[in-house]
Structures are given as C-alpha cells and as structure tokens.
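Q: Contents of upload-v7.cif (mmCIF, C-alpha atoms):
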data_input
loop_
_atom_site.group_PDB
_atom_site.id
_atom_site.type_symbol
_atom_site.label_atom_id
_atom_site.label_comp_id
_atom_site.auth_asym_id
_atom_site.auth_seq_id
_atom_site.Cartn_x
_atom_site.Cartn_y
_atom_site.Cartn_z
ATOM 1 C CA MET A 1 -29.018 125.849 -9.841
ATOM 2 C CA ALA A 2 -29.911 122.893 -7.611
ATOM 3 C CA LYS A 3 -33.075 120.967 -8.383
ATOM 4 C CA GLU A 4 -35.263 119.121 -5.874
ATOM 5 C CA VAL A 5 -36.639 115.794 -7.077
ATOM 6 C CA SER A 6 -39.493 114.046 -5.283
ATOM 7 C CA ASN A 7 -39.419 110.251 -5.137
ATOM 8 C CA GLY A 8 -42.440 109.248 -3.054
ATOM 9 C CA SER A 9 -41.776 110.412 0.489
ATOM 10 C CA ASN A 10 -38.099 111.110 -0.232
ATOM 11 C CA HIS A 11 -36.805 114.439 -1.508
ATOM 12 C CA VAL A 12 -33.416 114.422 -3.192
ATOM 13 C CA THR A 13 -31.495 117.547 -4.167
ATOM 14 C CA THR A 14 -29.507 117.113 -7.365
ATOM 15 C CA LYS A 15 -27.051 119.415 -9.046
ATOM 16 C CA PRO A 16 -27.099 119.904 -12.821
ATOM 17 C CA PRO A 17 -24.044 118.735 -14.767
ATOM 18 C CA PRO A 18 -21.328 121.396 -15.176
ATOM 19 C CA GLU A 19 -21.746 123.664 -18.168
ATOM 20 C CA PRO A 20 -19.226 123.139 -20.974
ATOM 21 C CA SER A 21 -16.895 125.978 -21.859
ATOM 22 C CA PRO A 22 -18.798 128.794 -23.614
ATOM 23 C CA LEU A 23 -16.356 128.398 -26.481
ATOM 24 C CA ARG A 24 -17.737 124.902 -27.106
ATOM 25 C CA ARG A 25 -20.990 126.561 -28.105
ATOM 26 C CA ALA A 26 -19.196 128.119 -31.080
ATOM 27 C CA LYS A 27 -20.074 125.219 -33.367
ATOM 28 C CA PHE A 28 -18.508 124.670 -36.759
ATOM 29 C CA PHE A 29 -21.581 125.755 -38.712
ATOM 30 C CA LYS A 30 -22.827 128.507 -36.397
ATOM 31 C CA ALA A 31 -19.897 130.875 -36.009
ATOM 32 C CA ASN A 32 -16.696 132.116 -37.579
ATOM 33 C CA MET A 33 -13.997 129.566 -36.852
ATOM 34 C CA ARG A 34 -10.402 129.011 -37.785
ATOM 35 C CA ILE A 35 -9.945 125.287 -38.352
ATOM 36 C CA LEU A 36 -6.597 123.599 -38.986
ATOM 37 C CA VAL A 37 -6.883 120.289 -40.856
ATOM 38 C CA THR A 38 -3.697 118.223 -40.939
ATOM 39 C CA GLY A 39 -3.819 115.756 -43.798
ATOM 40 C CA GLY A 40 -6.605 117.820 -45.342
ATOM 41 C CA ALA A 41 -5.411 117.099 -48.874
ATOM 42 C CA GLY A 42 -5.909 113.360 -48.428
ATOM 43 C CA PHE A 43 -8.919 111.196 -49.208
ATOM 44 C CA ILE A 44 -11.154 111.669 -46.157
ATOM 45 C CA GLY A 45 -9.479 114.944 -45.175
ATOM 46 C CA SER A 46 -10.336 116.641 -48.465
ATOM 47 C CA HIS A 47 -14.010 115.709 -48.118
ATOM 48 C CA LEU A 48 -13.989 116.990 -44.523
ATOM 49 C CA VAL A 49 -12.494 120.287 -45.707
ATOM 50 C CA ASP A 50 -15.216 120.603 -48.361
ATOM 51 C CA LYS A 51 -17.885 120.134 -45.696
ATOM 52 C CA LEU A 52 -16.319 122.622 -43.289
ATOM 53 C CA MET A 53 -16.051 125.216 -46.065
ATOM 54 C CA GLU A 54 -19.792 125.067 -46.717
ATOM 55 C CA ASN A 55 -19.919 127.710 -44.014
ATOM 56 C CA GLU A 56 -18.242 130.578 -45.883
ATOM 57 C CA LYS A 57 -17.389 132.258 -42.578
ATOM 58 C CA ASN A 58 -15.092 129.421 -41.555
ATOM 59 C CA GLU A 59 -11.384 129.809 -42.240
ATOM 60 C CA VAL A 60 -10.033 126.357 -43.054
ATOM 61 C CA ILE A 61 -6.264 125.849 -43.163
ATOM 62 C CA VAL A 62 -4.922 122.657 -44.742
ATOM 63 C CA VAL A 63 -1.441 121.289 -44.047
ATOM 64 C CA ASP A 64 0.243 118.038 -45.058
ATOM 65 C CA ASN A 65 0.032 115.442 -42.302
ATOM 66 C CA TYR A 66 3.631 114.339 -42.937
ATOM 67 C CA PHE A 67 4.929 117.652 -41.609
ATOM 68 C CA THR A 68 3.143 117.502 -38.300
ATOM 69 C CA GLY A 69 1.994 114.777 -35.970
ATOM 70 C CA SER A 70 -0.228 114.462 -32.935
ATOM 71 C CA LYS A 71 2.629 114.906 -30.473
ATOM 72 C CA ASP A 72 4.003 117.982 -32.273
ATOM 73 C CA ASN A 73 0.540 119.539 -32.469
ATOM 74 C CA LEU A 74 -0.077 119.045 -28.760
ATOM 75 C CA ARG A 75 3.341 120.335 -27.683
ATOM 76 C CA GLN A 76 3.021 123.431 -29.859
ATOM 77 C CA TRP A 77 -0.420 124.181 -28.461
ATOM 78 C CA ILE A 78 0.823 124.180 -24.853
ATOM 79 C CA GLY A 79 3.250 127.017 -25.606
ATOM 80 C CA HIS A 80 0.855 128.990 -27.818
ATOM 81 C CA PRO A 81 0.116 132.553 -26.593
ATOM 82 C CA ARG A 82 -3.596 131.939 -27.175
ATOM 83 C CA PHE A 83 -3.573 128.547 -25.427
ATOM 84 C CA GLU A 84 -6.820 129.185 -23.533
ATOM 85 C CA LEU A 85 -8.704 129.661 -26.801
ATOM 86 C CA ILE A 86 -7.048 126.615 -28.333
ATOM 87 C CA ARG A 87 -7.619 124.481 -25.229
ATOM 88 C CA HIS A 88 -11.371 124.949 -25.395
ATOM 89 C CA GLY A 89 -11.529 124.968 -29.197
ATOM 90 C CA GLY A 90 -10.442 121.338 -29.204
ATOM 91 C CA ILE A 91 -8.714 118.819 -31.416
ATOM 92 C CA LEU A 92 -10.157 115.853 -33.284
ATOM 93 C CA LEU A 93 -7.992 112.774 -33.742
ATOM 94 C CA THR A 94 -9.055 110.503 -36.568
ATOM 95 C CA SER A 95 -7.834 107.230 -35.159
ATOM 96 C CA THR A 96 -8.553 103.905 -36.795
ATOM 97 C CA SER A 97 -10.028 100.461 -36.434
ATOM 98 C CA GLU A 98 -6.422 99.251 -36.745
ATOM 99 C CA VAL A 99 -6.066 99.891 -33.001
ATOM 100 C CA TYR A 100 -8.061 96.655 -32.587
ATOM 101 C CA GLY A 101 -5.456 94.722 -34.606
ATOM 102 C CA ASP A 102 -6.628 91.260 -35.653
ATOM 103 C CA PRO A 103 -9.640 91.287 -33.318
ATOM 104 C CA LEU A 104 -10.737 88.338 -31.251
ATOM 105 C CA VAL A 105 -14.031 90.118 -30.508
ATOM 106 C CA HIS A 106 -16.592 90.636 -33.267
ATOM 107 C CA PRO A 107 -18.046 93.184 -33.786
ATOM 108 C CA GLN A 108 -15.592 95.518 -32.087
ATOM 109 C CA THR A 109 -16.728 97.819 -29.287
ATOM 110 C CA GLU A 110 -14.781 100.819 -28.040
ATOM 111 C CA ASP A 111 -13.923 99.119 -24.738
ATOM 112 C CA TYR A 112 -12.124 96.273 -26.533
ATOM 113 C CA TRP A 113 -8.358 96.719 -26.067
ATOM 114 C CA GLY A 114 -7.416 94.909 -29.232
ATOM 115 C CA ASN A 115 -5.104 92.131 -30.407
ATOM 116 C CA VAL A 116 -2.082 93.857 -31.939
ATOM 117 C CA ASN A 117 1.335 92.437 -32.823
ATOM 118 C CA PRO A 118 3.682 95.192 -31.547
ATOM 119 C CA ILE A 119 6.619 94.140 -33.768
ATOM 120 C CA GLY A 120 4.820 93.050 -36.943
ATOM 121 C CA VAL A 121 5.119 94.571 -40.400
ATOM 122 C CA ARG A 122 1.882 96.515 -39.822
ATOM 123 C CA SER A 123 2.650 97.544 -36.258
ATOM 124 C CA CYS A 124 4.100 100.978 -37.045
ATOM 125 C CA TYR A 125 0.646 102.135 -38.142
ATOM 126 C CA ASP A 126 -1.359 100.228 -35.531
ATOM 127 C CA GLU A 127 0.831 101.251 -32.621
ATOM 128 C CA GLY A 128 1.251 104.775 -33.969
ATOM 129 C CA LYS A 129 -2.486 105.338 -33.753
ATOM 130 C CA ARG A 130 -2.691 103.676 -30.354
ATOM 131 C CA VAL A 131 0.004 105.946 -28.912
ATOM 132 C CA ALA A 132 -1.689 108.967 -30.542
ATOM 133 C CA GLU A 133 -4.837 108.144 -28.581
ATOM 134 C CA THR A 134 -2.733 107.837 -25.420
ATOM 135 C CA LEU A 135 -1.150 111.246 -26.004
ATOM 136 C CA MET A 136 -4.529 112.836 -26.599
ATOM 137 C CA PHE A 137 -5.879 111.577 -23.292
ATOM 138 C CA ASP A 138 -2.662 112.527 -21.448
ATOM 139 C CA TYR A 139 -2.901 116.121 -22.654
ATOM 140 C CA HIS A 140 -6.637 116.153 -21.977
ATOM 141 C CA ARG A 141 -6.100 115.070 -18.362
ATOM 142 C CA GLN A 142 -3.002 117.166 -17.644
ATOM 143 C CA HIS A 143 -3.724 120.352 -19.584
ATOM 144 C CA GLY A 144 -7.487 120.316 -20.052
ATOM 145 C CA ILE A 145 -7.358 120.263 -23.862
ATOM 146 C CA GLU A 146 -10.748 119.454 -25.379
ATOM 147 C CA ILE A 147 -10.298 116.282 -27.441
ATOM 148 C CA ARG A 148 -12.475 114.101 -29.640
ATOM 149 C CA ILE A 149 -11.327 110.675 -30.861
ATOM 150 C CA ALA A 150 -12.962 108.869 -33.777
ATOM 151 C CA ARG A 151 -12.008 105.319 -34.674
ATOM 152 C CA ILE A 152 -12.772 105.200 -38.361
ATOM 153 C CA PHE A 153 -13.363 101.919 -40.172
ATOM 154 C CA ASN A 154 -12.907 101.132 -43.882
ATOM 155 C CA THR A 155 -14.078 104.087 -45.947
ATOM 156 C CA TYR A 156 -14.527 104.397 -49.707
ATOM 157 C CA GLY A 157 -15.602 106.981 -52.266
ATOM 158 C CA PRO A 158 -14.328 109.487 -54.824
ATOM 159 C CA ARG A 159 -10.705 110.695 -54.539
ATOM 160 C CA MET A 160 -9.366 107.407 -53.197
ATOM 161 C CA ASN A 161 -5.928 106.539 -54.473
ATOM 162 C CA ILE A 162 -6.620 104.272 -57.444
ATOM 163 C CA ASP A 163 -3.744 101.904 -56.709
ATOM 164 C CA ASP A 164 -3.595 102.096 -52.920
ATOM 165 C CA GLY A 165 -4.082 98.348 -52.443
ATOM 166 C CA ARG A 166 -7.420 98.570 -50.627
ATOM 167 C CA VAL A 167 -10.068 96.080 -51.618
ATOM 168 C CA VAL A 168 -12.719 98.507 -52.935
ATOM 169 C CA SER A 169 -10.317 100.601 -55.003
ATOM 170 C CA ASN A 170 -8.544 97.444 -56.223
ATOM 171 C CA PHE A 171 -11.739 95.751 -57.360
ATOM 172 C CA LEU A 172 -13.111 98.874 -59.015
ATOM 173 C CA ALA A 173 -9.892 99.760 -60.856
ATOM 174 C CA GLN A 174 -9.460 96.165 -62.029
ATOM 175 C CA ALA A 175 -13.072 95.998 -63.240
ATOM 176 C CA ILE A 176 -12.746 99.280 -65.153
ATOM 177 C CA ARG A 177 -9.495 98.073 -66.751
ATOM 178 C CA ASP A 178 -11.060 94.701 -67.637
ATOM 179 C CA GLU A 179 -8.606 92.857 -65.409
ATOM 180 C CA ALA A 180 -9.191 89.832 -63.187
ATOM 181 C CA LEU A 181 -10.355 90.680 -59.679
ATOM 182 C CA THR A 182 -7.756 89.631 -57.128
ATOM 183 C CA VAL A 183 -7.855 89.217 -53.364
ATOM 184 C CA GLN A 184 -5.201 88.642 -50.763
ATOM 185 C CA LEU A 185 -4.845 85.177 -49.330
ATOM 186 C CA PRO A 186 -6.535 83.394 -47.677
ATOM 187 C CA GLY A 187 -9.519 85.210 -49.220
ATOM 188 C CA THR A 188 -11.873 84.665 -46.279
ATOM 189 C CA GLN A 189 -11.387 88.103 -44.714
ATOM 190 C CA THR A 190 -14.409 90.332 -44.134
ATOM 191 C CA ARG A 191 -14.605 94.129 -44.021
ATOM 192 C CA SER A 192 -17.295 96.776 -43.605
ATOM 193 C CA PHE A 193 -17.371 99.763 -45.947
ATOM 194 C CA CYS A 194 -18.595 103.264 -45.123
ATOM 195 C CA TYR A 195 -19.182 105.856 -47.855
ATOM 196 C CA VAL A 196 -17.071 108.961 -47.353
ATOM 197 C CA SER A 197 -19.952 111.443 -46.985
ATOM 198 C CA ASP A 198 -21.374 109.322 -44.156
ATOM 199 C CA MET A 199 -17.941 109.245 -42.543
ATOM 200 C CA VAL A 200 -17.592 113.034 -42.730
ATOM 201 C CA ASP A 201 -21.061 113.475 -41.230
ATOM 202 C CA GLY A 202 -20.035 111.267 -38.305
ATOM 203 C CA LEU A 203 -16.819 113.236 -37.754
ATOM 204 C CA ILE A 204 -18.674 116.550 -37.806
ATOM 205 C CA ARG A 205 -21.210 115.282 -35.272
ATOM 206 C CA LEU A 206 -18.406 114.098 -33.012
ATOM 207 C CA MET A 207 -16.606 117.448 -33.268
ATOM 208 C CA GLU A 208 -19.745 119.378 -32.428
ATOM 209 C CA GLY A 209 -20.774 117.154 -29.535
ATOM 210 C CA ASP A 210 -19.591 116.946 -25.946
ATOM 211 C CA ASN A 211 -18.384 113.342 -25.896
ATOM 212 C CA THR A 212 -14.637 112.763 -25.839
ATOM 213 C CA GLY A 213 -14.755 109.307 -27.358
ATOM 214 C CA PRO A 214 -13.257 107.146 -28.644
ATOM 215 C CA ILE A 215 -16.268 106.421 -30.824
ATOM 216 C CA ASN A 216 -16.409 103.944 -33.714
ATOM 217 C CA ILE A 217 -17.432 105.537 -37.017
ATOM 218 C CA GLY A 218 -18.102 102.970 -39.718
ATOM 219 C CA ASN A 219 -20.643 100.771 -41.426
ATOM 220 C CA PRO A 220 -21.689 97.690 -39.415
ATOM 221 C CA ASP A 221 -22.671 95.762 -42.575
ATOM 222 C CA ASP A 222 -19.639 93.565 -43.260
ATOM 223 C CA GLN A 223 -18.818 92.108 -46.674
ATOM 224 C CA SER A 224 -16.726 89.130 -47.716
ATOM 225 C CA ARG A 225 -14.281 89.293 -50.613
ATOM 226 C CA SER A 226 -14.539 87.212 -53.754
ATOM 227 C CA GLY A 227 -12.103 87.005 -56.619
ATOM 228 C CA ASP A 228 -8.949 85.259 -57.778
ATOM 229 C CA HIS A 229 -6.162 84.892 -55.211
ATOM 230 C CA ASP A 230 -3.207 87.056 -56.133
ATOM 231 C CA GLY A 231 -0.811 84.600 -54.510
ATOM 232 C CA GLY A 232 0.181 87.037 -51.775
ATOM 233 C CA GLU A 233 -0.613 87.009 -48.104
ATOM 234 C CA HIS A 234 -0.086 90.002 -45.854
ATOM 235 C CA PRO A 235 1.158 89.130 -42.356
ATOM 236 C CA ASP A 236 -1.196 90.186 -39.538
ATOM 237 C CA ASP A 237 -3.943 91.087 -42.009
ATOM 238 C CA PRO A 238 -7.119 91.183 -39.856
ATOM 239 C CA ARG A 239 -9.462 88.285 -40.586
ATOM 240 C CA GLN A 240 -12.586 90.254 -39.751
ATOM 241 C CA ARG A 241 -13.496 93.822 -39.018
ATOM 242 C CA LYS A 242 -16.904 95.216 -38.126
ATOM 243 C CA PRO A 243 -17.730 98.158 -35.868
ATOM 244 C CA ASP A 244 -20.264 98.169 -33.101
ATOM 245 C CA ILE A 245 -21.747 101.663 -33.579
ATOM 246 C CA THR A 246 -24.086 101.667 -30.588
ATOM 247 C CA LYS A 247 -22.261 104.657 -29.052
ATOM 248 C CA ALA A 248 -22.386 106.603 -32.320
ATOM 249 C CA LYS A 249 -26.127 106.023 -32.563
ATOM 250 C CA GLU A 250 -26.854 106.909 -28.949
ATOM 251 C CA LEU A 251 -24.419 109.788 -28.409
ATOM 252 C CA LEU A 252 -24.188 111.327 -31.884
ATOM 253 C CA GLY A 253 -27.480 110.301 -33.466
ATOM 254 C CA TRP A 254 -25.386 108.950 -36.338
ATOM 255 C CA GLU A 255 -25.478 105.881 -38.522
ATOM 256 C CA PRO A 256 -24.478 105.387 -42.184
ATOM 257 C CA LYS A 257 -27.132 106.004 -44.830
ATOM 258 C CA ILE A 258 -25.504 105.100 -48.139
ATOM 259 C CA LYS A 259 -25.501 101.431 -49.095
ATOM 260 C CA LEU A 260 -22.478 99.911 -50.823
ATOM 261 C CA ARG A 261 -24.484 99.281 -53.997
ATOM 262 C CA ASP A 262 -25.344 103.005 -54.150
ATOM 263 C CA GLY A 263 -21.899 104.329 -53.279
ATOM 264 C CA ILE A 264 -19.871 102.249 -55.757
ATOM 265 C CA PRO A 265 -21.370 103.922 -58.882
ATOM 266 C CA LEU A 266 -20.413 107.357 -57.496
ATOM 267 C CA MET A 267 -16.869 106.143 -56.959
ATOM 268 C CA GLU A 268 -16.788 104.496 -60.381
ATOM 269 C CA GLU A 269 -17.595 107.783 -62.101
ATOM 270 C CA ASP A 270 -14.632 109.444 -60.369
ATOM 271 C CA PHE A 271 -12.269 106.554 -61.192
ATOM 272 C CA ARG A 272 -13.294 106.493 -64.869
ATOM 273 C CA LYS A 273 -12.603 110.213 -65.220
ATOM 274 C CA ARG A 274 -9.138 109.877 -63.682
ATOM 275 C CA LEU A 275 -8.282 106.724 -65.647
ATOM 276 C CA GLY A 276 -9.672 108.145 -68.873
ATOM 277 C CA ILE A 277 -11.746 105.017 -69.542
ATOM 278 C CA LEU A 278 -15.321 105.607 -70.622
ATOM 279 C CA ARG A 279 -18.107 103.145 -69.895
ATOM 280 C CA LYS A 280 -18.802 100.794 -72.804
ATOM 281 C CA ASN A 281 -22.290 100.969 -74.280
#
As structure tokens - that is how I would like this structure written.
A:
Amino acid sequence: MAKEVSNGSNHVTTKPPPEPSPLRRAKFFKANMRILVTGGAGFIGSHLVDKLMENEKNEVIVVDNYFTGSKDNLRQWIGHPRFELIRHGGILLTSTSEVYGDPLVHPQTEDYWGNVNPIGVRSCYDEGKRVAETLMFDYHRQHGIEIRIARIFNTYGPRMNIDDGRVVSNFLAQAIRDEALTVQLPGTQTRSFCYVSDMVDGLIRLMEGDNTGPINIGNPDDQSRSGDHDGGEHPDDPRQRKPDITKAKELLGWEPKIKLRDGIPLMEEDFRKRLGILRKN
C-alpha cells in the first residue's frame, strides 16, 4: 500500500519495500524446519547443529563437507523437484576472512577486495572460498536462490582439533603439556579471536535476517602472539587480521560478548579431558 509523506509544502508518495517470501518468515526457532548442515561434524558446525537442535521440532541433517561442495549443492538444488521451497528456504555459506588474503587494509571491511596470492601454498583455500562466494551470488542472481554469506574470522572454543596448528589450540595444548610456547616466524602477526558460541549466535542471526551479506563475523579485539619462535615461517601468512563488524552490529544487532580471558578456561577444560591431563593443585 502506497504511503503519502508530507515534507513542508511537498507531498511525496512512496511505496513500501517488497515483502520477502512468506517462507522466509518460517524462522529456525519458530517453525518445523529441515536443515542440512554440510560439515556439521566439524568444530563450528557441531556447535551450530547443537544450537539448531534446541528447537526439538527442527530436523537437522549432518553430512561430511568433503562429500559435497558449494557448486554441487547449488547444481543439485536447481534440479530438485521441490526447488521452489528450497529456493526460498535459502543457503548459508560460511566463508572466511581468508578471502582478504594478507590485507593491506586494517581492519577489514566487507567492501575490501583483498590481497590474495592466487598461486601460493595457501591459495587453494583462499581462492576456493572466494569462488564459492562468486557461485552463491551467480545462483542468487540467475535462479533467485536465497543466500546468506558470513565471513568468519578466527574462532576458538571446545572441540577444536588439539593439534590443528592454530595459535590458540597450539598455545593451550603446549601449556597443558608443559611444553614451550611456540609461534611462527616472524612472530609479529596479530589475530582476533571469537568464542564459538558468539560465532554461532552471529550465524543464526544472519540466517534469520533478510540481508544477503557478505557480513564479517568475528571479534574486533586483535591480539599479538608471544612465545618462542619455532623456526618455521609459513609463506603468505597474513601479518594482521581484524574484522570491521559495523555491518554485523547495524544489520544483525550482533557483537561478541565473551572475552578471550573468559573463553580460554572453557576451552582448557575440554582439552584437558581429551588429553587426559588433570590440572595440578
């Protein structure tokens, strides 16, 4: 319905924005939904599944991300007999801050195109996520698929792989084992760390909202590393990484709540259980 707005002596007729598909009103915590989570057995994915299953009416299906990729998902959806339901139901891509490469802009905003080496040792991951974002927008424009894209920054918490080589898990595992803390050369890199429950909350808000993204989800408080150099240097390792989360705040009403000093003890408890090393009195 058109609305007439008075501005002094001028009268302007404005039209309301188009209504989203009625199916978008079937939010994850308000209706029965069938939700497919690829990579749902992984670190962040498993926490997302836990959150989605808090609504007992949701049917959550978990598959291994190695058996399906963004392109395969999109192609299969186009030929699905219930494509209209799928098209409006939507798909969330958890992209990554790696799309910014070794950034020359700090902090990184979503309109920054990045500084990525396309043939480096890390490029398969960086470029893989970049092309996934491209595919999502192509299918969104050509076929009308509802998409949401989150660019997630460094995340930590329980269920991380103990020896995955990331700085938080490395430091914590080394401290629990009474080993020297080591960092990659040159040792001046900075990162920002978001606790996993905050990350999941941001993803849920993005899924339930009407903004396509991409939107940065991460903690804007960056930390430097300190420890003994392990003698190794990873080519193209970003020197600094810090998200600008202005869009997340304004569009999703989201920002991280858990400080690093509060999240580490929760992660430590999980690591000690899996390593079988009790805290010394």
Q: So which residues get picked by the PyMOL selection byres ((chain A and resi 56-60) around 7) here, written as a compact mmCIF listing (two decimals) with C-alpha atoms, keeping the file's coordinate frame?
A:
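Saved to part04.txt:
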# COMPACT_ATOMS: atom_id res chain seq x y z
CA ASN A 32 -16.70 132.12 -37.58
CA MET A 33 -14.00 129.57 -36.85
CA ARG A 34 -10.40 129.01 -37.78
CA ILE A 35 -9.94 125.29 -38.35
CA LEU A 36 -6.60 123.60 -38.99
CA MET A 53 -16.05 125.22 -46.06
CA GLU A 54 -19.79 125.07 -46.72
CA ASN A 55 -19.92 127.71 -44.01
CA ILE A 61 -6.26 125.85 -43.16
CA VAL A 62 -4.92 122.66 -44.74
Q: Tell me, as a list in words, which residues lie within 8 Å of segment 127-142 of chain A, counting only C-alpha atoms; anything in the same chain fewer than 2 positions away does not count.
A: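 Surrounding residues, per the criterion: Ser70, Lys71, Leu74, Leu93, Ser95, Thr96, Glu98, Val99, Val116, Pro118, Ser123, Cys124, Tyr125, Gly144, Ile145, Glu146, Ile147 and Ile149 of chain A.
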Q: Kindly resolve the PyMOL selection byres ((chain A and resi 271) around 10) on the present coordinates and return the residues as a VMD selection string.
A: chain A and resid 157 to 162 169 172 to 173 176 265 to 270 272 to 278
Q: Using only C-alpha atoms, which protein or nucleic acid residues come within 7 Å of Phe193 of chain A? Drop anything in the same chain fewer than 3 positions from it, and give the result as an MDAnalysis selection string.
A: chainID A and resid 154:156 219
Q: For the atom pair atom CA of Gly42 of chain A and atom CA of Asp164 of chain A, what is the interatomic distance in Å to one decimal place?
A: 12.3 Å
Q: Restricting the calculation to only C-alpha atoms: of A:Glu250, A:Glu255, A:Glu179, A:Asp126, which residue gets closest to Asn211 of chain A?
A: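 For Asn211 of chain A, the nearest of the candidates is A:Glu250.
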